[in-house]
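Participant: query-v3.tsv is the file, holding TSV, C-alpha atoms:
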```tsv
chain	number	residue	atom	x	y	z
H	1	MET	CA	19.66	11.73	-17.78
H	2	ASP	CA	19.07	8.10	-16.92
H	3	ALA	CA	17.64	5.81	-19.58
H	4	TYR	CA	14.10	4.67	-19.00
H	5	PRO	CA	14.49	1.12	-17.64
H	6	ALA	CA	12.84	-1.79	-19.41
H	7	GLY	CA	10.39	-4.05	-17.66
H	8	LEU	CA	8.58	-1.57	-15.41
H	9	PRO	CA	5.25	-3.01	-14.25
H	10	GLY	CA	2.02	-1.83	-15.81
H	11	LEU	CA	-1.08	-0.36	-14.21
H	12	ASN	CA	-2.66	-3.68	-13.16
H	13	ALA	CA	0.50	-4.92	-11.45
H	14	ILE	CA	0.93	-1.65	-9.57
H	15	VAL	CA	-2.75	-1.51	-8.54
H	16	ALA	CA	-2.41	-5.09	-7.24
H	17	ALA	CA	0.81	-4.29	-5.35
H	18	LEU	CA	-0.77	-1.19	-3.80
H	19	GLY	CA	-3.88	-3.16	-2.84
H	20	ASN	CA	-1.82	-5.95	-1.32
H	21	SER	CA	0.18	-3.44	0.69
H	22	CYS	CA	-2.95	-1.62	1.91
H	23	ASP	CA	-1.90	1.33	-0.29
H	24	ALA	CA	1.48	1.72	1.41
H	25	GLU	CA	3.47	3.00	-1.56
H	26	GLN	CA	6.90	2.14	-0.14
H	27	ALA	CA	5.83	-1.45	0.52
H	28	ALA	CA	4.57	-1.73	-3.07
H	29	ILE	CA	7.86	-0.31	-4.37
H	30	ASP	CA	9.84	-2.75	-2.21
H	31	THR	CA	7.80	-5.69	-3.53
H	32	LEU	CA	7.90	-4.70	-7.20
H	33	GLY	CA	11.48	-3.46	-7.11
H	34	ALA	CA	13.11	-6.27	-5.16
H	35	GLY	CA	16.56	-6.99	-6.54
H	36	ARG	CA	16.40	-4.15	-9.07
H	37	SER	CA	18.79	-1.27	-9.64
H	38	ALA	CA	18.50	2.14	-8.00
H	39	THR	CA	17.57	3.63	-11.38
H	40	TYR	CA	14.78	1.09	-11.88
H	41	ARG	CA	13.48	1.72	-8.36
H	42	ARG	CA	13.49	5.50	-8.90
H	43	PHE	CA	11.38	5.20	-12.06
H	44	LEU	CA	9.20	2.60	-10.35
H	45	ALA	CA	8.62	4.94	-7.40
H	46	GLU	CA	7.43	7.67	-9.78
H	47	ARG	CA	5.05	5.23	-11.46
H	48	VAL	CA	3.72	3.87	-8.13
H	49	THR	CA	3.15	7.43	-6.87
H	50	ALA	CA	1.27	8.31	-10.07
H	51	VAL	CA	-0.93	5.20	-9.85
H	52	GLY	CA	-1.55	5.89	-6.15
H	53	ARG	CA	-2.68	9.41	-7.05
H	54	TRP	CA	-5.00	7.97	-9.71
H	55	LEU	CA	-6.45	5.50	-7.18
H	56	ARG	CA	-7.23	8.38	-4.82
H	57	THR	CA	-9.06	10.28	-7.56
H	58	ALA	CA	-10.46	8.83	-10.80
H	59	GLY	CA	-9.68	5.22	-9.88
H	60	ARG	CA	-11.15	5.25	-6.38
H	61	ARG	CA	-14.08	2.96	-7.20
H	62	THR	CA	-11.63	0.21	-8.18
H	63	ARG	CA	-10.08	-0.03	-4.70
H	64	TRP	CA	-10.85	-2.99	-2.46
H	65	ILE	CA	-11.29	-0.60	0.48
H	66	GLU	CA	-13.96	1.50	-1.24
H	67	PRO	CA	-16.96	-0.11	0.56
H	68	ALA	CA	-15.43	0.90	3.91
H	69	VAL	CA	-14.69	4.39	2.59
H	70	ARG	CA	-18.39	4.68	1.68
H	71	GLY	CA	-19.27	3.52	5.20
H	72	THR	CA	-20.71	0.17	4.09
H	73	PHE	CA	-19.30	-2.24	6.67
H	74	ARG	CA	-19.70	-6.01	6.97
H	75	ASP	CA	-19.15	-7.61	10.37
H	76	PRO	CA	-17.91	-11.17	10.90
H	77	GLU	CA	-20.02	-13.86	12.50
H	78	PRO	CA	-19.25	-13.74	16.24
H	79	HIS	CA	-18.63	-17.48	16.67
H	80	ARG	CA	-16.19	-17.55	13.73
H	81	LEU	CA	-14.43	-14.46	15.06
H	82	ALA	CA	-14.05	-16.14	18.46
H	83	ALA	CA	-12.49	-19.21	16.81
H	84	VAL	CA	-9.93	-17.07	14.95
H	85	VAL	CA	-9.01	-15.19	18.12
H	86	ASP	CA	-8.75	-18.42	20.12
H	87	SER	CA	-6.35	-19.89	17.57
H	88	GLY	CA	-4.18	-16.75	17.77
H	89	LEU	CA	-4.01	-16.72	13.95
H	90	ALA	CA	-1.79	-19.81	14.14
H	91	GLU	CA	-4.27	-21.80	12.08
H	92	ALA	CA	-5.69	-18.92	10.05
H	93	GLY	CA	-6.16	-19.90	6.45
H	94	ARG	CA	-8.38	-19.45	3.44
H	95	ARG	CA	-11.49	-20.43	5.42
H	96	ASP	CA	-10.84	-17.63	7.93
H	97	TYR	CA	-10.08	-14.95	5.34
H	98	PRO	CA	-13.62	-13.46	5.24
H	99	VAL	CA	-13.72	-13.33	9.05
H	100	LEU	CA	-10.39	-11.51	9.20
H	101	MET	CA	-11.24	-9.06	6.42
H	102	ARG	CA	-14.57	-8.19	8.01
H	103	ALA	CA	-12.99	-7.73	11.45
H	104	LEU	CA	-9.98	-5.78	10.20
H	105	PHE	CA	-11.50	-3.72	7.41
H	106	GLY	CA	-15.26	-4.32	7.25
H	107	THR	CA	-14.97	-5.70	3.70
H	108	ASP	CA	-15.27	-9.08	2.02
H	109	ARG	CA	-12.24	-8.65	-0.21
H	110	GLY	CA	-8.82	-7.13	-0.06
H	111	PRO	CA	-5.18	-8.13	0.27
H	112	ALA	CA	-4.31	-11.79	0.55
H	113	PHE	CA	-3.61	-12.92	4.10
H	114	ALA	CA	0.05	-13.49	3.18
H	115	SER	CA	0.21	-9.90	1.93
H	116	LEU	CA	-1.27	-8.62	5.18
H	117	ARG	CA	1.39	-10.58	7.04
H	118	ALA	CA	4.05	-8.85	4.93
H	119	VAL	CA	2.73	-5.43	6.03
H	120	PHE	CA	1.67	-6.24	9.61
H	121	SER	CA	3.02	-8.70	12.16
H	122	ASP	CA	0.77	-11.50	13.43
H	123	THR	CA	0.74	-9.67	16.77
H	124	GLN	CA	-0.56	-6.48	15.12
H	125	LEU	CA	-3.19	-8.43	13.18
H	126	LEU	CA	-4.35	-10.34	16.25
H	127	GLU	CA	-4.47	-7.18	18.39
H	128	ALA	CA	-6.52	-5.44	15.68
H	129	VAL	CA	-8.96	-8.38	15.57
H	130	LYS	CA	-9.25	-8.33	19.38
H	131	THR	CA	-9.80	-4.56	19.32
H	132	PHE	CA	-12.65	-5.05	16.87
H	133	ARG	CA	-14.09	-7.85	19.02
H	134	ASP	CA	-13.90	-5.76	22.20
H	135	THR	CA	-14.74	-2.27	20.93
H	136	GLY	CA	-15.99	-2.50	17.35
H	137	GLU	CA	-13.10	-0.26	16.24
H	138	ARG	CA	-10.91	-1.16	13.26
H	139	PRO	CA	-7.45	0.38	13.80
H	140	LEU	CA	-5.92	-1.14	10.68
H	141	LEU	CA	-8.80	0.23	8.62
H	142	SER	CA	-7.96	3.70	9.90
H	143	TRP	CA	-4.35	3.16	8.88
H	144	ALA	CA	-5.23	1.69	5.45
H	145	VAL	CA	-7.68	4.48	4.64
H	146	ARG	CA	-5.08	7.09	5.51
H	147	GLN	CA	-2.65	5.29	3.18
H	148	ALA	CA	-5.32	5.38	0.47
H	149	GLY	CA	-5.81	9.14	0.78
H	150	GLU	CA	-8.16	11.63	2.34
H	151	VAL	CA	-10.59	10.28	4.93
H	152	PRO	CA	-14.20	11.36	4.50
H	153	ALA	CA	-15.78	12.78	7.68
H	154	ARG	CA	-18.46	10.04	7.78
H	155	LEU	CA	-15.78	7.35	7.75
H	156	GLU	CA	-13.75	9.13	10.42
H	157	GLU	CA	-16.86	9.05	12.62
H	158	ALA	CA	-17.55	5.37	11.82
H	159	MET	CA	-13.98	4.36	12.69
H	160	ARG	CA	-14.23	5.81	16.23
```
Show this structure as structure tokens.

Facilitator:
Amino acid sequence: MDAYPAGLPGLNAIVAALGNSCDAEQAAIDTLGAGRSATYRRFLAERVTAVGRWLRTAGRRTRWIEPAVRGTFRDPEPHRLAAVVDSGLAEAGRRDYPVLMRALFGTDRGPAFASLRAVFSDTQLLEAVKTFRDTGERPLLSWAVRQAGEVPARLEEAMR
């Protein structure tokens, strides 16, 4: 039996890594386990899976995506959305974060923009913003909610 490795991250660090990866467990493991041994990564994977399970059940109200899961969406201001699309995300920064989060996920908070760029390419992010602008659909929200667990019927309807 392998010895339990020292230095495994705690609950808060894992919740943050899962949130920053839009609940993609493997991405959280890759971030938290970078440069670590196979044994460390195996124990880390078990811990990340357990925290992910907790977030889908008892911890669900702590997730950044919870407002969207409840069907409470916030839309970006159209003129600010147009400016972000026109810049092609090349100049996207802190000022544009609320616009992007509202267009991509319908929320005011969530993963840092740099974290989103670690999960999605700029092309994917820009296409998702354009899809929202043109159709009102949020394809990355659909993906993130599926990563977070079961999709309630009312959200499934709202995402179409």

Participant: Using all atoms listed in the file, which residue out of H:Thr49, H:Ser37, H:Thr31, H:Thr62 lies closest to H:Gln147?

Facilitator: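 Among H:Thr49, H:Ser37, H:Thr31, H:Thr62, it is H:Thr49 that comes nearest to H:Gln147.
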
Participant: For a quick check of understanding, using all atoms listed in the file, which of H:Gly59, H:Gly110, H:Gly35, H:Gly88 has the smallest distance to H:Ser21?

Facilitator: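 Closest candidate: H:Gly110.
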
Participant: Using all atoms listed in the file, which residues sit within 12 Å of H:Arg41 once same-chain residues fewer than 5 positions away are excluded, as a list of chain:residue names?

Facilitator: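 Contacts, with the query itself left out: H:Tyr4, H:Pro5, H:Ala6, H:Gly7, H:Leu8, H:Pro9, H:Gln26, H:Ala28, H:Ile29, H:Asp30, H:Thr31, H:Leu32, H:Gly33, H:Ala34, H:Gly35, H:Arg36, H:Glu46, H:Arg47, H:Val48, H:Thr49.
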
Participant: Which one of H:Leu141, H:Val69, H:Leu89, H:Ala24 sits closest to H:Ser121 if you count all atoms listed in the file?

Facilitator: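 Counting all atoms listed in the file, the residue closest to H:Ser121 is H:Leu89.
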
Participant: Please measure the separation of atom CA of H:Val99 and atom CA of H:Pro76, giving the value in Å to one decimal.

Facilitator: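 That distance, rounded to one decimal, is 5.1 Å.
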
Participant: Find the residues near H:Arg138: any atom within 8 Å, counting all atoms listed in the file, skip ones fewer than 2 places away on the same chain, and give them as an mmCIF file with C-alpha atoms, in the coordinates of the input.

Facilitator:
```cif
data_model
loop_
_atom_site.group_PDB
_atom_site.id
_atom_site.type_symbol
_atom_site.label_atom_id
_atom_site.label_comp_id
_atom_site.auth_asym_id
_atom_site.auth_seq_id
_atom_site.Cartn_x
_atom_site.Cartn_y
_atom_site.Cartn_z
ATOM 1 C CA ALA H 103 -12.990 -7.730 11.450
ATOM 2 C CA LEU H 104 -9.980 -5.780 10.200
ATOM 3 C CA PHE H 105 -11.500 -3.720 7.410
ATOM 4 C CA ALA H 128 -6.520 -5.440 15.680
ATOM 5 C CA VAL H 129 -8.960 -8.380 15.570
ATOM 6 C CA THR H 131 -9.800 -4.560 19.320
ATOM 7 C CA PHE H 132 -12.650 -5.050 16.870
ATOM 8 C CA GLY H 136 -15.990 -2.500 17.350
ATOM 9 C CA LEU H 140 -5.920 -1.140 10.680
ATOM 10 C CA LEU H 141 -8.800 0.230 8.620
ATOM 11 C CA SER H 142 -7.960 3.700 9.900
ATOM 12 C CA MET H 159 -13.980 4.360 12.690
#
```

Participant: Please, what distance in Å, to one decimal, runs between atom CA of H:Thr107 and atom CA of H:Asn20?

Facilitator: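 Answer for the atom CA of H:Thr107 to atom CA of H:Asn20 separation: 14.1 Å.
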
Participant: Could you state the separation of atom CA of H:Arg74 and atom CA of H:Arg102 in Å, given to one decimal place?

Facilitator: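 So the answer is 5.7 Å.
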
Participant: Rank nothing, just name the residue among H:Ala27, H:Leu125, H:Ala112, H:Leu55 nearest to H:Val145, using all atoms listed in the file.

Facilitator: H:Leu55

Participant: Which one of H:Asp23, H:Glu127, H:Asp96, H:Glu137 sits closest to H:Arg80 if you count only C-alpha atoms?

Facilitator: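 Using only C-alpha atoms, the shortest distance to H:Arg80 belongs to H:Asp96.
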
Participant: Between H:Met101, H:Ala68, H:Ala114, H:Ala16, which has the minimum distance to H:Leu81 (counting only C-alpha atoms)?

Facilitator: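 Ranking H:Met101, H:Ala68, H:Ala114, H:Ala16 by distance to H:Leu81, first place goes to H:Met101.
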